[in-house]
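So this one's query_23.txt, compact mmCIF, C-alpha atoms and all ligand atoms:
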# COMPACT_ATOMS: atom_id res chain seq x y z
CA MET A 297 -3.50 -0.29 20.00
CA VAL A 298 -0.07 0.52 18.68
CA VAL A 299 1.70 0.07 15.34
CA PRO A 300 5.45 0.40 15.96
CA THR A 301 7.40 1.54 12.86
CA MET A 302 10.70 3.09 11.91
CA GLY A 303 9.04 5.39 9.35
CA ALA A 304 9.70 5.59 5.59
CA LEU A 305 6.17 4.24 5.46
CA HIS A 306 4.77 2.40 2.43
CA ALA A 307 1.66 0.44 1.46
CA GLY A 308 2.72 -2.44 3.76
CA HIS A 309 2.63 -0.07 6.75
CA ALA A 310 -0.67 1.39 5.52
CA ALA A 311 -2.13 -2.14 5.69
CA LEU A 312 -0.86 -2.50 9.29
CA ILE A 313 -2.37 0.85 10.26
CA ARG A 314 -5.70 0.16 8.53
CA ALA A 315 -5.91 -3.23 10.28
CA GLY A 316 -4.98 -1.56 13.60
CA ALA A 317 -7.57 1.19 13.18
CA ALA A 318 -10.28 -1.36 12.29
CA LEU A 319 -9.43 -3.49 15.34
CA ALA A 320 -9.41 -0.42 17.60
CA ARG A 321 -12.90 0.49 16.34
CA GLU A 322 -14.17 -3.09 16.71
CA ARG A 323 -12.87 -3.30 20.28
CA HIS A 324 -13.93 0.24 21.20
CA LEU A 325 -10.38 1.18 22.19
CA GLY A 326 -10.65 4.81 23.27
CA ALA A 327 -7.17 5.89 22.10
CA GLY A 328 -7.68 4.42 18.60
CA CYS A 329 -4.62 3.34 16.63
CA ILE A 330 -1.32 4.97 17.67
CA VAL A 331 1.57 4.79 15.16
CA THR A 332 5.08 5.20 16.52
CA ILE A 333 7.84 6.38 14.18
CA PHE A 334 11.28 5.91 15.65
CA VAL A 335 14.49 4.84 13.92
CA ASN A 336 15.85 2.85 16.83
CA PRO A 337 19.65 3.16 17.01
CA THR A 338 20.05 0.17 19.34
CA GLN A 339 18.90 -2.36 16.72
CA PHE A 340 21.45 -1.31 14.06
CA ASN A 341 24.78 -3.08 14.26
CA ASP A 342 26.18 -1.07 11.36
CA PRO A 343 26.37 2.73 11.92
CA ALA A 344 26.40 3.33 8.13
CA ASP A 345 23.13 1.40 7.83
CA LEU A 346 21.57 3.58 10.56
CA GLU A 347 22.81 6.72 8.79
CA ARG A 348 21.42 5.56 5.44
CA TYR A 349 18.03 4.49 6.78
CA PRO A 350 15.39 6.55 4.90
CA ARG A 351 13.52 9.24 6.86
CA SER A 352 10.38 11.00 5.61
CA LEU A 353 8.35 12.24 8.58
CA GLU A 354 5.97 14.59 6.73
CA ALA A 355 4.96 12.03 4.11
CA ASP A 356 4.70 9.42 6.89
CA ALA A 357 2.30 11.58 8.89
CA ALA A 358 0.10 12.02 5.79
CA LEU A 359 0.04 8.24 5.19
CA CYS A 360 -0.88 7.62 8.84
CA ARG A 361 -3.77 10.09 8.63
CA GLU A 362 -4.99 8.57 5.36
CA ALA A 363 -4.81 5.02 6.79
CA GLY A 364 -6.88 5.94 9.87
CA ALA A 365 -4.30 6.45 12.64
CA ALA A 366 -5.59 8.43 15.61
CA CYS A 367 -2.16 9.71 16.59
CA VAL A 368 1.48 9.64 15.47
CA LEU A 369 4.25 9.51 18.04
CA ALA A 370 7.71 10.38 16.69
CA PRO A 371 9.93 10.67 19.77
CA ALA A 372 13.57 11.77 19.83
CA VAL A 373 16.26 9.32 20.92
CA HIS A 374 16.68 11.02 24.33
CA GLU A 375 12.93 10.68 24.94
CA VAL A 376 12.93 6.96 24.28
CA TYR A 377 16.21 6.42 26.12
CA PRO A 378 16.47 9.26 28.70
CA LYS A 379 19.36 7.46 30.39
CA PRO A 380 21.38 4.60 28.97
CA ASP A 381 20.07 2.28 31.68
CA PHE A 382 16.53 3.72 31.73
CA SER A 383 14.98 0.72 30.00
CA PRO A 384 16.89 -2.49 30.54
CA THR A 385 16.74 -4.93 27.65
CA PRO A 386 14.22 -7.69 28.46
CA ALA A 387 15.57 -11.26 28.45
CA LEU A 388 16.06 -12.34 24.85
CA PRO A 389 13.73 -15.21 23.84
CA ALA A 390 15.47 -18.28 22.38
CA VAL A 391 13.85 -17.73 18.98
CA ALA A 392 15.96 -14.57 18.60
CA THR A 393 19.11 -16.65 18.35
CA SER A 394 17.91 -19.58 16.24
CA PRO A 395 21.10 -20.64 14.46
CA GLY A 396 21.83 -19.51 10.92
CA LEU A 397 19.20 -16.75 10.75
CA GLU A 398 19.22 -13.01 11.61
CA ASP A 399 21.37 -13.27 14.73
CA ALA A 400 24.17 -14.89 12.74
CA ARG A 401 24.23 -11.87 10.41
CA ARG A 402 23.12 -9.05 12.71
CA PRO A 403 24.33 -9.93 16.21
CA GLY A 404 22.60 -7.76 18.82
CA HIS A 405 19.80 -6.74 16.44
CA PHE A 406 17.00 -8.46 18.34
CA ALA A 407 18.27 -7.25 21.71
CA GLY A 408 17.74 -3.72 20.32
CA VAL A 409 14.30 -4.63 18.94
CA CYS A 410 13.22 -6.12 22.29
CA GLN A 411 14.53 -3.08 24.14
CA VAL A 412 12.67 -0.58 21.95
CA VAL A 413 9.43 -2.58 21.79
CA HIS A 414 9.48 -2.83 25.59
CA ARG A 415 10.06 0.93 25.83
CA LEU A 416 7.42 1.82 23.20
CA PHE A 417 4.89 -0.33 25.07
CA GLU A 418 5.84 1.48 28.30
CA ILE A 419 5.19 4.81 26.59
CA THR A 420 1.95 3.91 24.79
CA GLY A 421 0.45 1.30 27.20
CA PRO A 422 -1.29 -0.75 24.49
CA THR A 423 -3.66 -3.72 24.81
CA CYS A 424 -2.52 -4.96 21.40
CA ALA A 425 0.13 -4.23 18.77
CA MET A 426 0.30 -4.92 15.04
CA PHE A 427 3.43 -6.51 13.52
CA GLY A 428 4.02 -7.43 9.87
CA GLU A 429 4.67 -11.04 8.82
CA LYS A 430 7.38 -9.72 6.47
CA ASP A 431 9.77 -9.72 9.49
CA TRP A 432 8.78 -13.24 10.48
CA GLN A 433 11.56 -13.82 13.00
CA GLN A 434 10.88 -10.43 14.62
CA LEU A 435 7.18 -11.36 14.90
CA GLN A 436 8.06 -14.61 16.71
CA VAL A 437 10.58 -12.81 18.95
CA VAL A 438 8.05 -10.16 20.00
CA ARG A 439 5.37 -12.82 20.58
CA ALA A 440 7.80 -14.86 22.69
CA LEU A 441 8.75 -11.75 24.71
CA GLY A 442 5.22 -11.84 26.16
CA LEU A 443 5.27 -8.22 27.31
CA SER A 444 2.48 -7.06 29.61
CA TRP A 445 0.92 -3.71 30.26
CA GLY A 446 -1.39 -2.94 33.20
CA GLY A 447 -1.20 -6.59 34.30
CA ARG A 448 -2.39 -7.87 30.90
CA ARG A 449 -0.31 -9.42 28.18
CA VAL A 450 -0.11 -7.20 25.10
CA GLU A 451 -1.69 -9.12 22.23
CA ILE A 452 0.59 -9.30 19.16
CA VAL A 453 -1.51 -9.26 15.99
CA PRO A 454 0.21 -10.44 12.78
CA VAL A 455 -0.56 -8.75 9.44
CA PRO A 456 0.22 -10.47 6.10
CA THR A 457 3.02 -9.15 3.89
CA VAL A 458 2.06 -6.69 1.15
CA ARG A 459 3.85 -7.22 -2.18
CA GLU A 460 4.65 -5.14 -5.23
CA ALA A 461 3.12 -6.30 -8.54
CA ASP A 462 6.26 -8.35 -9.30
CA GLY A 463 6.15 -10.11 -5.92
CA LEU A 464 8.83 -8.13 -4.09
CA ALA A 465 7.82 -7.75 -0.43
CA MET A 466 7.26 -4.11 0.47
CA SER A 467 10.05 -2.72 2.63
CA SER A 468 11.40 0.72 3.49
CA ARG A 469 14.73 -0.53 2.15
CA ASN A 470 13.31 -1.03 -1.38
CA ALA A 471 13.67 2.74 -1.86
CA GLN A 472 17.46 2.28 -1.67
CA LEU A 473 17.52 -0.06 -4.69
CA LEU A 474 18.88 1.52 -7.86
CA PRO A 475 16.80 0.78 -11.02
CA LEU A 476 18.84 -2.24 -12.16
CA ALA A 477 18.83 -3.83 -8.71
CA ARG A 478 15.12 -3.04 -8.31
CA ARG A 479 14.38 -4.91 -11.54
CA ALA A 480 16.45 -7.89 -10.36
CA ALA A 481 14.69 -7.83 -6.96
CA GLY A 482 11.42 -8.52 -8.79
CA GLY A 483 12.74 -12.03 -9.51
CA LEU A 484 13.40 -12.94 -5.87
CA ALA A 485 9.86 -14.04 -4.97
CA ALA A 486 10.05 -16.69 -7.71
CA ALA A 487 12.31 -18.62 -5.30
CA PHE A 488 9.20 -19.47 -3.24
CA VAL A 489 7.52 -20.99 -6.29
CA GLU A 490 10.60 -23.10 -7.04
CA ALA A 491 10.82 -24.20 -3.40
CA SER A 492 7.19 -25.35 -3.52
CA ARG A 493 8.24 -27.98 -6.10
CA ALA A 494 10.79 -29.55 -3.73
CA ARG A 495 9.90 -32.88 -2.15
CA ASN A 496 11.78 -32.30 1.10
CA TRP A 497 12.99 -29.27 3.04
CA GLU A 498 16.68 -29.92 2.36
CA GLU A 499 15.97 -29.73 -1.37
CA ALA A 500 13.77 -26.63 -0.82
CA GLU A 501 16.64 -24.81 0.91
CA ALA A 502 19.07 -25.63 -1.91
CA THR A 503 16.55 -24.72 -4.62
CA THR A 504 15.77 -21.40 -2.93
CA ALA A 505 19.42 -20.44 -2.57
CA ARG A 506 20.03 -21.24 -6.25
CA ALA A 507 16.96 -19.29 -7.40
CA LEU A 508 17.95 -16.23 -5.34
CA ALA A 509 21.50 -16.33 -6.66
CA ARG A 510 20.16 -16.48 -10.24
CA SER A 511 18.60 -13.03 -9.64
CA GLY A 512 22.11 -11.74 -8.92
CA ALA A 513 21.64 -11.66 -5.15
CA GLU A 514 24.31 -12.62 -2.63
CA VAL A 515 22.53 -15.11 -0.38
CA GLU A 516 23.06 -14.72 3.39
CA TYR A 517 20.75 -17.58 4.29
CA ALA A 518 17.88 -19.60 2.85
CA ALA A 519 16.33 -21.90 5.42
CA VAL A 520 13.16 -23.89 6.03
CA ARG A 521 12.36 -23.86 9.74
CA ASP A 522 9.73 -24.58 12.35
CA PRO A 523 7.39 -21.56 11.96
CA LEU A 524 7.32 -20.69 15.69
CA THR A 525 10.67 -21.73 17.16
CA LEU A 526 12.58 -21.22 13.89
CA LEU A 527 14.68 -24.25 14.80
CA PRO A 528 15.82 -26.61 12.03
CA LEU A 529 13.20 -29.18 11.00
CA PRO A 530 13.66 -32.89 11.67
CA PRO A 531 14.38 -35.08 8.62
CA GLY A 532 11.14 -35.99 6.85
CA ALA A 533 9.20 -32.90 8.04
CA ARG A 534 6.78 -31.90 5.29
CA GLU A 535 5.99 -28.31 6.20
CA GLY A 536 7.59 -25.26 7.73
CA ARG A 537 8.40 -21.64 7.03
CA ILE A 538 10.96 -20.71 4.42
CA LEU A 539 13.02 -17.64 5.30
CA TRP A 540 15.78 -15.92 3.39
CA ALA A 541 18.04 -12.87 3.51
CA VAL A 542 20.04 -11.53 0.58
CA ARG A 543 22.09 -8.55 -0.45
CA LEU A 544 21.25 -7.07 -3.79
CA GLY A 545 22.87 -3.90 -5.14
CA GLY A 546 24.21 -3.20 -1.64
CA VAL A 547 20.75 -3.43 -0.04
CA ARG A 548 19.77 -6.12 2.45
CA LEU A 549 16.37 -7.72 1.77
CA ILE A 550 14.52 -10.40 3.74
CA ASP A 551 11.37 -12.37 3.01
CA ASN A 552 9.53 -15.54 4.06
CA ALA A 553 6.56 -17.70 3.16
CA PRO A 554 4.90 -20.92 4.30
CA TRP A 555 6.42 -24.08 2.76
CA ARG A 556 4.89 -27.49 2.17
CA ALA A 557 6.60 -30.47 0.49
CA ALA A 558 5.40 -31.25 -3.03
CA SER A 559 3.71 -34.64 -3.24
CA ALA A 560 5.68 -37.35 -5.03
O1 LIG B 1 9.94 -3.61 12.21
C1 LIG B 1 10.36 -2.48 12.52
O2 LIG B 1 10.13 -1.50 11.81
C2 LIG B 1 11.19 -2.30 13.78
O3 LIG B 1 12.04 -3.37 14.01
C3 LIG B 1 10.34 -1.99 15.02
C4 LIG B 1 9.45 -3.16 15.40
C5 LIG B 1 9.49 -0.76 14.78
C6 LIG B 1 11.24 -1.72 16.22
O4 LIG B 1 12.09 -0.63 15.99

Produce structure tokens that represent the structure in this file.
Amino acid sequence: MVVPTMGALHAGHAALIRAGAALARERHLGAGCIVTIFVNPTQFNDPADLERYPRSLEADAALCREAGAACVLAPAVHEVYPKPDFSPTPALPAVATSPGLEDARRPGHFAGVCQVVHRLFEITGPTCAMFGEKDWQQLQVVRALGLSWGGRRVEIVPVPTVREADGLAMSSRNAQLLPLARRAAGGLAAAFVEASRARNWEEAEATTARALARSGAEVEYAAVRDPLTLLPLPPGAREGRILWAVRLGGVRLIDNAPWRAASA
């Protein structure tokens, strides 16, 4: 059982680790729950973003212990990637490049995620791995990768998003928000409530974008998609997954939730 993370751990990660530790106990997995902490350079397309990414290994190790992890693995870059061609990037599933979502804004990001997940699975040899629903597209990409270990497909177990009291999804990037931007970020989750009043997905997308912009955010995308393929919905579809990405106070935030059309 593995919980892959990039560190700067918060209550959302603690929920992943607790769920992982409980599952490891239930399934009598000898190695328990292994947490990996590795800020993967290959998934950052902006070197400044990689540089700025928060790092707090000591506090992270304490959180892992508290949440029931059996072991923390915090490898160096040369240990994960001993040679540039040591771990070829697995073929990118189609869901990684669904138009208008992450790939449009962070080209190459999911190739880096797939590469590191493949490598972390090689190192830890898990039967299952926990991934947060907060990164919904990442969850679908990793599921679609269908990686195997020891001849068995690694089970990808989703864990619901943990939110702050004002609805902001927990993220390591929240720590980069200055007080004014943090206050404004508390208004972002209200966009989901407004979208739930829309009678079709086209209206839900427009409503969401407007609600996010009202919080002072610069909207990168706000889209209602098929929950698994993340492809655009056909006209008349009454449910899907709403996903958005914004920049607020210089910090990039993403979130998602199920969406269902309001009845007439
Ligand atoms: O979600 C993350 O923190 C990262 O993308 C992951 C899965 C640990 C890969 O670096």

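Minimum atom-to-atom distance to Asp522 (chain A), evaluated using all atoms listed in the file, belongs to A:Ala553 out of A:Val450, A:Leu353, A:Ile333, A:Ala553.
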
For the contact check between chain A and ligand LIG 1 (chain B), emit one row per residue of chain A within 10 Å, containing the shortest atom pair and the distance in Å rounded to one decimal, counting only C-alpha atoms and all ligand atoms, chain then rising number order, as JSON lines.
{"residue": "A:Val299", "atom": "CA", "partner": "B:LIG1", "partner_atom": "C5", "distance": 7.9}
{"residue": "A:Pro300", "atom": "CA", "partner": "B:LIG1", "partner_atom": "C5", "distance": 4.4}
{"residue": "A:Thr301", "atom": "CA", "partner": "B:LIG1", "partner_atom": "C5", "distance": 3.7}
{"residue": "A:Met302", "atom": "CA", "partner": "B:LIG1", "partner_atom": "O2", "distance": 4.6}
{"residue": "A:Gly303", "atom": "CA", "partner": "B:LIG1", "partner_atom": "O2", "distance": 7.4}
{"residue": "A:Ala304", "atom": "CA", "partner": "B:LIG1", "partner_atom": "O2", "distance": 9.4}
{"residue": "A:Leu305", "atom": "CA", "partner": "B:LIG1", "partner_atom": "O2", "distance": 9.4}
{"residue": "A:His309", "atom": "CA", "partner": "B:LIG1", "partner_atom": "O2", "distance": 9.2}
{"residue": "A:Val331", "atom": "CA", "partner": "B:LIG1", "partner_atom": "C5", "distance": 9.7}
{"residue": "A:Thr332", "atom": "CA", "partner": "B:LIG1", "partner_atom": "C5", "distance": 7.6}
{"residue": "A:Ile333", "atom": "CA", "partner": "B:LIG1", "partner_atom": "C5", "distance": 7.4}
{"residue": "A:Phe334", "atom": "CA", "partner": "B:LIG1", "partner_atom": "O4", "distance": 6.6}
{"residue": "A:Val335", "atom": "CA", "partner": "B:LIG1", "partner_atom": "O4", "distance": 6.3}
{"residue": "A:Asn336", "atom": "CA", "partner": "B:LIG1", "partner_atom": "O4", "distance": 5.2}
{"residue": "A:Pro337", "atom": "CA", "partner": "B:LIG1", "partner_atom": "O4", "distance": 8.5}
{"residue": "A:Thr338", "atom": "CA", "partner": "B:LIG1", "partner_atom": "O4", "distance": 8.7}
{"residue": "A:Gln339", "atom": "CA", "partner": "B:LIG1", "partner_atom": "O4", "distance": 7.1}
{"residue": "A:Phe340", "atom": "CA", "partner": "B:LIG1", "partner_atom": "O4", "distance": 9.6}
{"residue": "A:His405", "atom": "CA", "partner": "B:LIG1", "partner_atom": "O3", "distance": 8.8}
{"residue": "A:Phe406", "atom": "CA", "partner": "B:LIG1", "partner_atom": "O3", "distance": 8.3}
{"residue": "A:Gly408", "atom": "CA", "partner": "B:LIG1", "partner_atom": "O4", "distance": 7.8}
{"residue": "A:Val409", "atom": "CA", "partner": "B:LIG1", "partner_atom": "C6", "distance": 5.0}
{"residue": "A:Cys410", "atom": "CA", "partner": "B:LIG1", "partner_atom": "C6", "distance": 7.8}
{"residue": "A:Gln411", "atom": "CA", "partner": "B:LIG1", "partner_atom": "C6", "distance": 8.7}
{"residue": "A:Val412", "atom": "CA", "partner": "B:LIG1", "partner_atom": "O4", "distance": 6.0}
{"residue": "A:Val413", "atom": "CA", "partner": "B:LIG1", "partner_atom": "C6", "distance": 5.9}
{"residue": "A:His414", "atom": "CA", "partner": "B:LIG1", "partner_atom": "C6", "distance": 9.6}
{"residue": "A:Leu416", "atom": "CA", "partner": "B:LIG1", "partner_atom": "C6", "distance": 8.7}
{"residue": "A:Ala425", "atom": "CA", "partner": "B:LIG1", "partner_atom": "C4", "distance": 10.0}
{"residue": "A:Met426", "atom": "CA", "partner": "B:LIG1", "partner_atom": "C4", "distance": 9.3}
{"residue": "A:Phe427", "atom": "CA", "partner": "B:LIG1", "partner_atom": "C4", "distance": 7.1}
{"residue": "A:Gly428", "atom": "CA", "partner": "B:LIG1", "partner_atom": "O1", "distance": 7.4}
{"residue": "A:Glu429", "atom": "CA", "partner": "B:LIG1", "partner_atom": "O1", "distance": 9.7}
{"residue": "A:Lys430", "atom": "CA", "partner": "B:LIG1", "partner_atom": "O1", "distance": 8.8}
{"residue": "A:Asp431", "atom": "CA", "partner": "B:LIG1", "partner_atom": "O1", "distance": 6.7}
{"residue": "A:Trp432", "atom": "CA", "partner": "B:LIG1", "partner_atom": "O1", "distance": 9.9}
{"residue": "A:Gln434", "atom": "CA", "partner": "B:LIG1", "partner_atom": "O3", "distance": 7.2}
{"residue": "A:Leu435", "atom": "CA", "partner": "B:LIG1", "partner_atom": "C4", "distance": 8.5}
{"residue": "A:Val438", "atom": "CA", "partner": "B:LIG1", "partner_atom": "C4", "distance": 8.5}
{"residue": "A:Ser467", "atom": "CA", "partner": "B:LIG1", "partner_atom": "O2", "distance": 9.3}
{"residue": "A:Ser468", "atom": "CA", "partner": "B:LIG1", "partner_atom": "O2", "distance": 8.7}

Checklist outcome for this item: Computed gap from CA of Ala370 (chain A) to CA of Ala317 (chain A) is 18.2 Å

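Distance check against Pro350 (chain A) using only C-alpha atoms: of A:Ala471, A:Leu524, A:Val458, A:Leu325, the minimum falls on A:Ala471.
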
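Ranking A:Cys424, A:Ala519, A:Val489, A:Leu544 by their shortest atom-to-atom distance to Leu476 (chain A), with all atoms listed in the file included, puts A:Leu544 first.
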
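Between CA of Leu473 (chain A) and CA of His306 (chain A) the separation is 14.8 Å.
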
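Residues surrounding Gly446 (chain A) within 12 Å are Phe417, Glu418, Thr420, Gly421, Pro422, Thr423, Leu443, Arg449 and Val450 of chain A [all atoms listed in the file; sequence separation below 3 positions excluded].
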
Checklist outcome for this item: Correct to one decimal, the distance CA of Ala311 (chain A)-CA of Leu527 (chain A) is 29.2 Å

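Closest to Val373 (chain A) among A:Val437, A:Arg510, A:Val391, A:Arg415 is A:Arg415, based on only C-alpha atoms.
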
Checklist entry - Which neighbours of Ser394 (chain A) fall inside 9 Å, counting all atoms listed in the file, when residues of the same chain fewer than 4 positions from it are skipped, and could you give them as a PyMOL selection string? => result chain A and resi 390+398-400+525-528

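Candidate residues A:Gly512, A:Pro456, A:Gly364, A:Pro343 were compared for distance to Gly482 (chain A), and the nearest is A:Gly512, using all atoms listed in the file.
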
Would you place a box with edges along x, y and z of the file around all atoms of region 510-519 of chain A listed there, add 6 Å to each of its six sides, and report the centre and edge lengths in Å to one decimal, as lines of an AutoDock Vina configuration file?
center_x = 20.3
center_y = -16.8
center_z = -2.4
size_x = 20.0
size_y = 22.2
size_z = 27.7
